[in-house]
$ cat work-v6.pdb   # PDB, C-alpha atoms
ATOM      1  CA  MET A  24      27.693  61.511   9.536  1.00  0.00           C
ATOM      2  CA  ASP A  25      25.848  59.499  12.126  1.00  0.00           C
ATOM      3  CA  LYS A  26      27.266  56.250  13.418  1.00  0.00           C
ATOM      4  CA  ILE A  27      25.566  53.031  12.396  1.00  0.00           C
ATOM      5  CA  THR A  28      24.167  51.406  15.484  1.00  0.00           C
ATOM      6  CA  ILE A  29      23.573  47.755  16.237  1.00  0.00           C
ATOM      7  CA  ALA A  30      19.892  48.340  15.614  1.00  0.00           C
ATOM      8  CA  ASP A  31      20.732  49.679  12.150  1.00  0.00           C
ATOM      9  CA  TRP A  32      22.861  46.618  11.382  1.00  0.00           C
ATOM     10  CA  LEU A  33      20.059  44.327  12.572  1.00  0.00           C
ATOM     11  CA  MET A  34      17.624  46.173  10.318  1.00  0.00           C
ATOM     12  CA  ILE A  35      19.969  45.803   7.323  1.00  0.00           C
ATOM     13  CA  PHE A  36      20.392  42.077   7.991  1.00  0.00           C
ATOM     14  CA  ALA A  37      16.652  41.658   8.445  1.00  0.00           C
ATOM     15  CA  VAL A  38      15.932  43.420   5.153  1.00  0.00           C
ATOM     16  CA  LEU A  39      18.554  41.396   3.281  1.00  0.00           C
ATOM     17  CA  LEU A  40      18.128  37.999   4.928  1.00  0.00           C
ATOM     18  CA  GLY A  41      14.398  38.101   5.708  1.00  0.00           C
ATOM     19  CA  PRO A  42      13.213  37.070   2.221  1.00  0.00           C
ATOM     20  CA  ILE A  43      15.894  34.383   1.931  1.00  0.00           C
ATOM     21  CA  ILE A  44      14.957  32.904   5.292  1.00  0.00           C
ATOM     22  CA  ALA A  45      11.263  33.078   4.419  1.00  0.00           C
ATOM     23  CA  VAL A  46      11.788  31.233   1.121  1.00  0.00           C
ATOM     24  CA  ARG A  47      13.976  28.567   2.753  1.00  0.00           C
ATOM     25  CA  LEU A  48      11.484  28.080   5.555  1.00  0.00           C
ATOM     26  CA  THR A  49       8.623  27.778   3.068  1.00  0.00           C
ATOM     27  CA  ARG A  50      10.566  25.208   1.039  1.00  0.00           C
ATOM     28  CA  TYR A  51      11.380  23.248   4.182  1.00  0.00           C
ATOM     29  CA  LEU A  52       7.740  23.191   5.297  1.00  0.00           C
ATOM     30  CA  ASP A  53       6.529  22.274   1.788  1.00  0.00           C
ATOM     31  CA  ASN A  54       9.042  19.426   1.663  1.00  0.00           C
ATOM     32  CA  LYS A  55       7.898  18.105   5.058  1.00  0.00           C
ATOM     33  CA  LYS A  56       4.283  18.291   3.883  1.00  0.00           C
ATOM     34  CA  GLU A  57       5.071  16.450   0.633  1.00  0.00           C
ATOM     35  CA  ILE A  58       6.886  13.682   2.513  1.00  0.00           C
ATOM     36  CA  ARG A  59       3.901  13.236   4.832  1.00  0.00           C
ATOM     37  CA  GLU A  60       1.486  13.241   1.881  1.00  0.00           C
ATOM     38  CA  ARG A  61       3.423  10.431   0.181  1.00  0.00           C
ATOM     39  CA  LYS A  62       3.380   8.343   3.367  1.00  0.00           C
ATOM     40  CA  LEU A  63      -0.284   9.102   3.773  1.00  0.00           C
ATOM     41  CA  ALA A  64      -0.991   8.001   0.181  1.00  0.00           C
ATOM     42  CA  VAL A  65       0.665   4.624   0.845  1.00  0.00           C
ATOM     43  CA  PHE A  66      -1.272   4.185   4.083  1.00  0.00           C
ATOM     44  CA  LYS A  67      -4.602   5.172   2.535  1.00  0.00           C
ATOM     45  CA  LYS A  68      -4.104   2.796  -0.391  1.00  0.00           C
ATOM     46  CA  LEU A  69      -3.236  -0.092   1.938  1.00  0.00           C
ATOM     47  CA  MET A  70      -6.206   0.636   4.194  1.00  0.00           C
ATOM     48  CA  ALA A  71      -8.552   0.902   1.228  1.00  0.00           C
ATOM     49  CA  THR A  72      -7.328  -2.379  -0.264  1.00  0.00           C
ATOM     50  CA  ARG A  73      -6.727  -4.420   2.890  1.00  0.00           C
ATOM     51  CA  ALA A  74      -9.561  -6.765   1.937  1.00  0.00           C
ATOM     52  CA  TYR A  75      -8.095  -7.134  -1.603  1.00  0.00           C
ATOM     53  CA  THR A  76      -4.487  -7.943  -0.894  1.00  0.00           C
ATOM     54  CA  ILE A  77      -3.762  -9.276  -4.380  1.00  0.00           C
ATOM     55  CA  SER A  78      -4.944  -6.121  -6.104  1.00  0.00           C
ATOM     56  CA  TRP A  79      -2.325  -4.228  -8.119  1.00  0.00           C
ATOM     57  CA  ASP A  80      -2.900  -1.093  -6.041  1.00  0.00           C
ATOM     58  CA  HIS A  81      -2.281  -2.961  -2.793  1.00  0.00           C
ATOM     59  CA  VAL A  82       0.921  -4.558  -4.074  1.00  0.00           C
ATOM     60  CA  GLU A  83       2.191  -1.227  -5.414  1.00  0.00           C
ATOM     61  CA  ALA A  84       1.537   0.480  -2.081  1.00  0.00           C
ATOM     62  CA  LEU A  85       3.398  -2.275  -0.228  1.00  0.00           C
ATOM     63  CA  ASN A  86       6.371  -1.862  -2.532  1.00  0.00           C
ATOM     64  CA  ARG A  87       6.444   1.892  -1.841  1.00  0.00           C
ATOM     65  CA  ILE A  88       6.914   1.459   1.923  1.00  0.00           C
ATOM     66  CA  ASP A  89      10.694   1.245   1.619  1.00  0.00           C
ATOM     67  CA  LEU A  90      10.679   4.397  -0.505  1.00  0.00           C
ATOM     68  CA  GLU A  91       8.472   6.570   1.672  1.00  0.00           C
ATOM     69  CA  PHE A  92       9.270   5.554   5.251  1.00  0.00           C
ATOM     70  CA  ASP A  93      12.664   6.329   6.777  1.00  0.00           C
ATOM     71  CA  LYS A  94      14.290   3.624   8.893  1.00  0.00           C
ATOM     72  CA  LYS A  95      16.416   6.323  10.572  1.00  0.00           C
ATOM     73  CA  GLU A  96      13.304   7.651  12.313  1.00  0.00           C
ATOM     74  CA  LYS A  97      12.423   5.583  15.409  1.00  0.00           C
ATOM     75  CA  ASN A  98       8.689   5.048  14.808  1.00  0.00           C
ATOM     76  CA  GLU A  99       9.160   4.751  11.041  1.00  0.00           C
ATOM     77  CA  LYS A 100      11.775   2.066  11.641  1.00  0.00           C
ATOM     78  CA  ALA A 101       8.984   0.066  13.296  1.00  0.00           C
ATOM     79  CA  VAL A 102       7.009   0.356  10.035  1.00  0.00           C
ATOM     80  CA  ILE A 103       9.960  -0.926   7.989  1.00  0.00           C
ATOM     81  CA  GLU A 104      10.473  -3.838  10.405  1.00  0.00           C
ATOM     82  CA  ALA A 105       6.778  -4.750  10.278  1.00  0.00           C
ATOM     83  CA  TRP A 106       6.913  -4.606   6.454  1.00  0.00           C
ATOM     84  CA  LYS A 107       9.964  -6.899   6.386  1.00  0.00           C
ATOM     85  CA  GLU A 108       8.211  -9.422   8.623  1.00  0.00           C
ATOM     86  CA  TYR A 109       5.091  -9.299   6.441  1.00  0.00           C
ATOM     87  CA  LEU A 110       7.136  -9.607   3.242  1.00  0.00           C
ATOM     88  CA  ASN A 111       8.992 -12.586   4.692  1.00  0.00           C
ATOM     89  CA  LEU A 112       5.672 -14.334   5.336  1.00  0.00           C
ATOM     90  CA  LEU A 113       4.345 -13.589   1.847  1.00  0.00           C
ATOM     91  CA  GLY A 114       7.074 -15.781   0.366  1.00  0.00           C
ATOM     92  CA  ASN A 115       6.746 -18.517   2.996  1.00  0.00           C
ATOM     93  CA  LYS A 116       5.466 -21.814   1.565  1.00  0.00           C
ATOM     94  CA  GLN A 117       6.075 -23.878   4.717  1.00  0.00           C
ATOM     95  CA  LEU A 118       2.835 -23.062   6.546  1.00  0.00           C
ATOM     96  CA  THR A 119      -0.506 -24.654   5.807  1.00  0.00           C
ATOM     97  CA  PRO A 120      -2.841 -22.366   3.838  1.00  0.00           C
ATOM     98  CA  GLU A 121      -4.990 -21.829   6.946  1.00  0.00           C
ATOM     99  CA  GLN A 122      -1.988 -20.935   9.152  1.00  0.00           C
ATOM    100  CA  TRP A 123      -0.569 -18.701   6.440  1.00  0.00           C
ATOM    101  CA  THR A 124      -3.842 -16.804   6.007  1.00  0.00           C
ATOM    102  CA  VAL A 125      -4.271 -16.165   9.737  1.00  0.00           C
ATOM    103  CA  LYS A 126      -0.663 -15.022  10.105  1.00  0.00           C
ATOM    104  CA  ARG A 127      -0.911 -12.843   6.960  1.00  0.00           C
ATOM    105  CA  VAL A 128      -3.909 -10.985   8.345  1.00  0.00           C
ATOM    106  CA  ASP A 129      -2.227 -10.488  11.727  1.00  0.00           C
ATOM    107  CA  LEU A 130       0.996  -9.173  10.176  1.00  0.00           C
ATOM    108  CA  LEU A 131      -0.853  -6.860   7.774  1.00  0.00           C
ATOM    109  CA  VAL A 132      -2.855  -5.451  10.687  1.00  0.00           C
ATOM    110  CA  GLU A 133       0.384  -4.938  12.625  1.00  0.00           C
ATOM    111  CA  LEU A 134       1.947  -3.120   9.659  1.00  0.00           C
ATOM    112  CA  LEU A 135      -1.079  -0.870   9.185  1.00  0.00           C
ATOM    113  CA  HIS A 136      -1.209  -0.144  12.918  1.00  0.00           C
ATOM    114  CA  LYS A 137       2.454   0.940  12.927  1.00  0.00           C
ATOM    115  CA  MET A 138       1.762   3.191   9.941  1.00  0.00           C
ATOM    116  CA  ALA A 139      -1.295   4.662  11.662  1.00  0.00           C
ATOM    117  CA  ILE A 140       0.841   5.567  14.670  1.00  0.00           C
ATOM    118  CA  VAL A 141       3.428   7.334  12.481  1.00  0.00           C
ATOM    119  CA  LEU A 142       0.696   9.272  10.683  1.00  0.00           C
ATOM    120  CA  ASN A 143      -1.220  10.148  13.877  1.00  0.00           C
ATOM    121  CA  TYR A 144      -4.330   8.109  13.112  1.00  0.00           C
ATOM    122  CA  ASP A 145      -6.151   6.708  16.109  1.00  0.00           C
ATOM    123  CA  PHE A 146      -6.920   3.229  14.733  1.00  0.00           C
ATOM    124  CA  ASP A 147      -6.608   0.252  17.005  1.00  0.00           C
ATOM    125  CA  LYS A 148      -5.795  -3.178  15.609  1.00  0.00           C
ATOM    126  CA  THR A 149      -9.352  -4.445  15.999  1.00  0.00           C
ATOM    127  CA  HIS A 150     -10.680  -1.552  13.934  1.00  0.00           C
ATOM    128  CA  ILE A 151      -8.094  -2.113  11.214  1.00  0.00           C
ATOM    129  CA  LYS A 152      -8.815  -5.847  11.106  1.00  0.00           C
ATOM    130  CA  ASN A 153     -12.598  -5.767  11.210  1.00  0.00           C
ATOM    131  CA  SER A 154     -13.746  -2.544   9.587  1.00  0.00           C
ATOM    132  CA  SER A 155     -13.150  -3.207   5.899  1.00  0.00           C
ATOM    133  CA  TYR A 156     -15.978  -4.092   3.532  1.00  0.00           C
ATOM    134  CA  SER A 157     -15.650  -6.769   0.903  1.00  0.00           C
ATOM    135  CA  PRO A 158     -18.838  -7.968  -0.787  1.00  0.00           C
ATOM    136  CA  MET A 159     -19.202 -11.746  -1.074  1.00  0.00           C
ATOM    137  CA  ALA A 160     -19.879 -11.266  -4.774  1.00  0.00           C
ATOM    138  CA  HIS A 161     -16.331  -9.936  -5.242  1.00  0.00           C
ATOM    139  CA  GLY A 162     -14.894 -13.106  -3.715  1.00  0.00           C
ATOM    140  CA  GLU A 163     -17.144 -15.302  -5.846  1.00  0.00           C
ATOM    141  CA  LEU A 164     -16.226 -13.368  -8.983  1.00  0.00           C
ATOM    142  CA  GLU A 165     -12.533 -13.721  -8.205  1.00  0.00           C
ATOM    143  CA  GLU A 166     -12.914 -17.467  -7.607  1.00  0.00           C
ATOM    144  CA  GLN A 167     -14.817 -17.886 -10.879  1.00  0.00           C
ATOM    145  CA  GLN A 168     -12.239 -15.902 -12.844  1.00  0.00           C
ATOM    146  CA  THR A 169      -9.454 -18.000 -11.327  1.00  0.00           C
ATOM    147  CA  ALA A 170     -11.287 -21.235 -12.222  1.00  0.00           C
ATOM    148  CA  ILE A 171     -11.842 -20.039 -15.800  1.00  0.00           C
ATOM    149  CA  ARG A 172      -8.188 -19.013 -16.225  1.00  0.00           C
ATOM    150  CA  LYS A 173      -6.950 -22.340 -14.819  1.00  0.00           C
ATOM    151  CA  GLY A 174      -9.376 -24.295 -17.004  1.00  0.00           C
ATOM    152  CA  VAL A 175      -8.376 -22.456 -20.179  1.00  0.00           C
ATOM    153  CA  ILE A 176      -4.679 -22.919 -19.376  1.00  0.00           C
ATOM    154  CA  GLU A 177      -5.207 -26.665 -18.821  1.00  0.00           C
ATOM    155  CA  VAL A 178      -6.992 -26.960 -22.185  1.00  0.00           C
ATOM    156  CA  LEU A 179      -4.272 -24.993 -23.972  1.00  0.00           C
ATOM    157  CA  GLU A 180      -1.548 -27.108 -22.343  1.00  0.00           C
ATOM    158  CA  GLY A 181      -3.339 -30.304 -23.390  1.00  0.00           C
ATOM    159  CA  LYS A 182      -3.965 -31.380 -19.807  1.00  0.00           C
ATOM    160  CA  ARG A 183      -7.747 -31.230 -20.157  1.00  0.00           C
ATOM    161  CA  PRO A 184      -9.845 -32.131 -23.168  1.00  0.00           C
ATOM    162  CA  LEU A 185     -12.299 -29.680 -24.584  1.00  0.00           C
ATOM    163  CA  PRO A 186     -15.627 -31.530 -24.656  1.00  0.00           C
ATOM    164  CA  LEU A 187     -17.660 -31.012 -27.804  1.00  0.00           C
ATOM    165  CA  PHE A 188     -21.257 -32.034 -28.280  1.00  0.00           C
ATOM    166  CA  VAL A 189     -22.720 -32.033 -31.750  1.00  0.00           C
ATOM    167  CA  THR A 190     -26.413 -31.277 -32.008  1.00  0.00           C
ATOM    168  CA  ASN A 191     -28.794 -30.648 -34.875  1.00  0.00           C
ATOM    169  CA  LEU A 192     -26.864 -32.498 -37.551  1.00  0.00           C
ATOM    170  CA  PRO A 193     -28.285 -31.877 -40.982  1.00  0.00           C
ATOM    171  CA  ARG A 194     -30.341 -34.823 -42.150  1.00  0.00           C
ATOM    172  CA  GLY A 195     -29.511 -36.476 -45.351  1.00  0.00           C
ATOM    173  CA  GLY A 196     -32.357 -36.488 -47.679  1.00  0.00           C
ATOM    174  CA  SER A 197     -33.960 -35.701 -50.853  1.00  0.00           C
TER     175      SER A 197
END

$ encode --input "work-v6.pdb" --output "structure tokens"
Amino acid sequence: MDKITIADWLMIFAVLLGPIIAVRLTRYLDNKKEIRERKLAVFKKLMATRAYTISWDHVEALNRIDLEFDKKEKNEKAVIEAWKEYLNLLGNKQLTPEQWTVKRVDLLVELLHKMAIVLNYDFDKTHIKNSSYSPMAHGELEEQQTAIRKGVIEVLEGKRPLPLFVTNLPRGGS
């Protein structure tokens, strides 16, 4: 009987371990891709809704940052820190509305810029800040809906009377 050589042993190991290594490598790569896709979904949603920061989609995407970005990674830690700073401002009632709005925009742009870096998008802060589209009609509609809701609530709470005007009363007669 012939002796088994090192080459034979390597061939046996390759035949036995090759499929296992291939499956593990495929799983690893699929997992990395899925993690990136989830981060990308958060970023895309925030970019798409950056002009509508009170939309449900925008708020949901913000709340997913802690879930999808890893503070153990250096550049992702910058995303988490930018999110914390932005979140801290969102609850701040000490600034005037004008100061708050300016700072909110700046911090959101900073957050999106940090995310763009992590995800290899070449967006500068000026592009992020100035390249979203929001029709004036959307703002007007939102203001009108807010006014209607506030007015109805005031009527229901008894803080505002509901004016009634009677017209075309039936005439008494024969």

$ residues_near_point --input "work-v6.pdb" --point "(-0.8, 1.5, 7.4)" --cutoff "8 Å" --atoms "all atoms listed in the file" --output "list of chain:residue names"
A:Val65, A:Phe66, A:Lys67, A:Leu69, A:Met70, A:Val132, A:Leu134, A:Leu135, A:His136, A:Lys137, A:Met138, A:Ala139

$ atom_distance --input "work-v6.pdb" --atom1 "CA of Tyr156 (chain A)" --atom2 "CA of Arg73 (chain A)"
9.3 Å

$ resolve_selection --input "work-v6.pdb" --expression "the PyMOL selection byres ((chain A and resi 103) around 8)" --output "PDB file with C-alpha atoms, in the frame of the given file"
ATOM      1  CA  ILE A  88       6.914   1.459   1.923  1.00  0.00           C
ATOM      2  CA  ASP A  89      10.694   1.245   1.619  1.00  0.00           C
ATOM      3  CA  PHE A  92       9.270   5.554   5.251  1.00  0.00           C
ATOM      4  CA  ASP A  93      12.664   6.329   6.777  1.00  0.00           C
ATOM      5  CA  LYS A  94      14.290   3.624   8.893  1.00  0.00           C
ATOM      6  CA  GLU A  99       9.160   4.751  11.041  1.00  0.00           C
ATOM      7  CA  LYS A 100      11.775   2.066  11.641  1.00  0.00           C
ATOM      8  CA  ALA A 101       8.984   0.066  13.296  1.00  0.00           C
ATOM      9  CA  VAL A 102       7.009   0.356  10.035  1.00  0.00           C
ATOM     10  CA  GLU A 104      10.473  -3.838  10.405  1.00  0.00           C
ATOM     11  CA  ALA A 105       6.778  -4.750  10.278  1.00  0.00           C
ATOM     12  CA  TRP A 106       6.913  -4.606   6.454  1.00  0.00           C
ATOM     13  CA  LYS A 107       9.964  -6.899   6.386  1.00  0.00           C
TER      14      LYS A 107
END

$ atom_distance --input "work-v6.pdb" --atom1 "CA of Ile35 (chain A)" --atom2 "CA of Leu48 (chain A)"
19.7 Å

$ axis_aligned_box --input "work-v6.pdb" --around "region 108-116 of chain A" --padding-each-side "6 Å" --output "JSON"
{"center_x": 6.7, "center_y": -15.6, "center_z": 4.5, "size_x": 16.6, "size_y": 24.5, "size_z": 20.3}
